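Worksheet: one structure, shown below.
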Amino acid sequence: MKRSIKKAVVLGSGIMGSRIACHFANIGLEVLLLDISPKELTDAEKAKGLTLDSPHVKNRMVNSSLDAAVKSKPSPLYDKDKVALIKTGNFDDDLTKIKDYDWVIEAVVENLEIKKSLFDKVEEHRKPGTLISSNTSGIPINFMLEGRSEDFQKHFCGTHFFNPPRYLRLLEIIPTKKTDPEIVDFFLKYGDLYLGKETVLCKDTPAFIANRIGIYAIMSGMHTIEKMGLSVNEVDKLTGPVIGRQKSATFRTMDVVGLDTAVKVAQGLYEGLPKDESRDTFKLPNIVQELYERKWWGDKTKQGYYKKVVENGQKEILELDLKTFEYKSKDKIKLDVLDKTKNEEDLKKRFQIIINEDGREGDFYRQSFFDLFRYCTNRIPEISDELYRIDQAVASGFGWEMGPFETWDAMGVKSCLDKMKEMDLAPADWVADMLNAGNETFYKYENGKKYYYDIPSKSYKVVPGTEGFIYLDAYKDNNVVWSNDGATIYDIGDGVLNLEFHTKMNAIGAEVIEGINTAITMAEKDYRGVVVGNESSNFSAGANLAMLFMFAVDQEYDEIDLMIRQFQQTMTRARFSSVPVVAATAGLALGGGCELSLHCDAIQAHAETYIGLVEFGVGLIPGGGGTKELTLRAADKYMPNDPELNILQEYFMNIATAKVATSAEEARGMDIIQPFDRITLNRSRLIADAKERVLEIADAGYTQPVQRKDIKVHGKTSMAMFEAGIIGMKYGSYISEHDAKIASKLAFVMSGGDLSAETLVSEEYLLDLEREAFLSLCGEPKTLERVQSILFKGKPLRN
């Protein structure tokens, strides 16, 4: 049957339930969030004369939970206005409403009897055919079938979201023996296309896939840390971004998630896995047990592996000494492996460095990774028949850039296997069988597709569900048409080129500028269009400040002028080429990255695009056409009955406060992403969607744009308005003297200069003003101090 979801019910408004409801609202679903009614009145409710039957009281818990979720950071909503899609209620009064909804998901406490009791009530009101699922993280899904009707059982499965649901991409789908296969297929596709999730089919085994492997990796690591005597600070430096993990790494993550949560899962796995060959790894080492008993569980108890203290008005983050269990100032440590990897942007190459590192750091990596690899090989076919599901679940559930088998591939399967045997960490026999048959990797890319090694058939098969994806790795052998040190151009088929940056943080420097111009030149000659996109965490963190800083310190202003001109000309080239150019943004798209996006014919943005013009933070204004572009867009929205120029003021403030949109949806409200731009929910589909957009624009009969000469600017009128605000902010001590100087330069450009009346000007005119303002600020000592602080300390400076 054809099935769609327009309305969903979430049963339970705790941490998970309220945030699942928010993510449903993110994609436009009407949501009903229900929870229990309180059994006691608060003093405030008693004072108002309310009773337990008062609607305000009965919905107190659900409303408080939703309000806390909406106010939490990072926000569970793409845009705060989305909360209007969520209605609240309670189980006593509103459970009858579920008959009008398409999907009912249970997210109450992890207690089987409570869940079964709630399902009894759901059965009374649920319409036959309605999807029903549980968000349990550990209770066997099949245990929930008892007493359920045949229709319920047919439409029921586990749908396990990871917290926070908006940001962690994993959705585990766990069918029971009674679940209709069509329902399973529907959830797998719906989660992918509409919720933006990596949907992974799991067996109904303890903790499913991600938590089984992820918690094992954490507990194995903890045992190794304790045995080797490593410090909290050392471990968090070794297990963060350098290995493709979150900045919070190991111990900070434990503090954020809550040590008690990880301990409960580990204890549950120990009790539920009597036949697991590595069962003892789930026993708590002393560096975990001690904190658990003391209830030092992290942020929720104000102390864990780290503790924030304030002395003499100064805040300090202390780390726990794992030998004495006393807090101390963080040690200043130097780790050789970090020095060796700091300039290597390619994670695969970093893995080759760290796994071959000598000394204690290398020993830690080898013990940790090799034990994880061994454990994963032994879980097939127990928790999954295919290795790719383990990678998908762990990577998307724990925020790793690569799963265990992908990591092993990067390190070298054969070389790691030899070392694993030497360390008595030999994996399952099927790995040696794979290598002996001449298959050297768990994955390979051919003909634009990703293949995995299928153990039963001893052959490679296409990873299911990825047929519509574009993996740039699949084009690296035969489809590279041009490259330099900072960029690569791929032919991704159907007459479309893809330009990938691979500088540090994908910063835009001379190599990237050359890449953009080359891609457009090639496309204008032989192709239909260009996608600018990559598969890394960030689209682009902005222009290369290091080169600018060097020229500014040496007072090479002619070089700076040439650099800005080239940057502006390249952005203009993207706008006025004879073929469509589409930016596929994801992660950070800041400064120059935002400016490039603004000048493309369209943006295909991943929902988690954090985009904005942030140059003000380093003492500059957007100089690559960003100031011009927002001035143009404000002019297009100008209304004669708006003497206060509110739109222009708003866009001015977005630049002057270096505002960054926290989602693609918010960027729409800032007019950075426009109505004709589109949003992709699943990151893995982004480049494919951008390619489709290029072809759509080309097929519609793309016409090369011409430069605008009708941009209305307001001269002295808007300058006076801006200056009044700037002076007020300065005298109120909200901004510094230098902030005021930068703001005045920005105001001058956005006003069109010192014009006596409203005037229509060209894009080129505004670009000239923008460049002159940018160049003059490069000569300001306080601007150089700000740039220096970002480059060498990684922190913004207010001076």
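Just so we're on the same page: first chain in the structure tokens is A, next is B, and so on; residues restart at 1 for each chain, and ligands are numbered from 1 in the order they show up.
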For the helix (DSSP H, G or I) assignment from backbone DSSP, which residues of region 21-109 of chain A qualify? Please present them as a ChimeraX atom specification. /A:21-26,43-47,55-58,60-71,80-85,91-100
Among the residues of region 172-269 of chain A, find those DSSP assigns to strand (DSSP E or B) from the backbone and print them as a list of chain:residue names. A:Glu172, A:Ile173, A:Ile174, A:Pro175, A:Glu198, A:Thr199, A:Val200, A:Leu201
Which polymer residues have any atom within 12 Å of an atom of region 250-256 of chain A, counting only C-alpha atoms, with same-chain residues fewer than 2 positions away left out, as a PyMOL selection string? chain A and resi 163-164+214-215+217-222+225+230-241+243+245-248+258-263+287-288+291-292+295-308+317-320+322+398-400
Enter the distance from CA of Ile27 (chain A) to CA of Asn59 (chain A), in Å, rounded to one decimal. 24.8 Å
List every residue of region 530-622 of chain A that has an atom at most 12 Å from any atom of region 783-791 of chain A, giving for each one its closest atom pair and the distance in Å to one decimal, counting only C-alpha atoms, sorted by chain and then by ascending residue number, as a tab-separated table.
residue	atom	partner	partner_atom	distance
A:Ala543	CA	A:Val787	CA	11.9
A:Asn544	CA	A:Leu791	CA	10.0
A:Leu545	CA	A:Val787	CA	7.3
A:Ala546	CA	A:Leu791	CA	7.0
A:Met547	CA	A:Leu791	CA	10.7
A:Leu548	CA	A:Val787	CA	9.1
A:Phe549	CA	A:Val787	CA	6.9
A:Met550	CA	A:Leu784	CA	9.9
A:Phe551	CA	A:Leu784	CA	10.7
A:Ala552	CA	A:Leu784	CA	7.6
A:Val553	CA	A:Leu784	CA	7.6
A:Asp554	CA	A:Leu784	CA	11.3
A:Gln555	CA	A:Leu784	CA	11.1
A:Glu615	CA	A:Val787	CA	9.8
A:Phe616	CA	A:Thr783	CA	9.4
A:Gly617	CA	A:Arg786	CA	7.5
A:Val618	CA	A:Arg786	CA	4.9
A:Gly619	CA	A:Thr783	CA	4.4
A:Leu620	CA	A:Thr783	CA	7.0
A:Ile621	CA	A:Thr783	CA	10.7
Give me a file of those residues, with C-alpha atoms, as a short mmCIF file (atom, residue, chain, number, x, y, z; two decimals), in the first residue's frame.
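again.cif was written with the following content:
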data_model
loop_
_atom_site.label_atom_id
_atom_site.label_comp_id
_atom_site.auth_asym_id
_atom_site.auth_seq_id
_atom_site.Cartn_x
_atom_site.Cartn_y
_atom_site.Cartn_z
CA ALA A 543 39.19 32.56 3.15
CA ASN A 544 42.81 31.76 3.93
CA LEU A 545 43.66 34.35 6.58
CA ALA A 546 47.30 33.30 6.92
CA MET A 547 48.30 34.71 3.54
CA LEU A 548 46.32 37.90 4.15
CA PHE A 549 47.97 38.34 7.55
CA MET A 550 51.45 37.88 6.09
CA PHE A 551 50.86 40.53 3.42
CA ALA A 552 49.26 42.92 5.92
CA VAL A 553 52.14 42.64 8.41
CA ASP A 554 54.59 43.34 5.57
CA GLN A 555 52.35 46.21 4.39
CA GLU A 615 34.55 38.72 8.83
CA PHE A 616 33.61 41.35 11.42
CA GLY A 617 35.04 39.04 14.08
CA VAL A 618 38.53 39.47 12.64
CA GLY A 619 38.22 43.23 12.18
CA LEU A 620 37.16 43.17 8.52
CA ILE A 621 34.02 43.37 6.41
#
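Distances here use only C-alpha atoms; by that measure, the residue among A:Ile564, A:Glu780, A:Ala507, A:Ile697 closest to Asp601 (chain A) is A:Ile697.
Each of A:Lys323, A:His23, A:Lys348, A:Lys461 was checked against Asp409 (chain A) using only C-alpha atoms; the smallest atom-to-atom distance is that of A:Lys348.
Atom pair CA of Ile679 (chain A) / CA of Val581 (chain A): separated by 16.1 Å.
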Quick one: residues within 7 Å of Glu770 (chain A), only C-alpha atoms counted, chain neighbours fewer than 2 positions away excluded, as a PyMOL selection string? chain A and resi 623+627+749+766-768+772-774
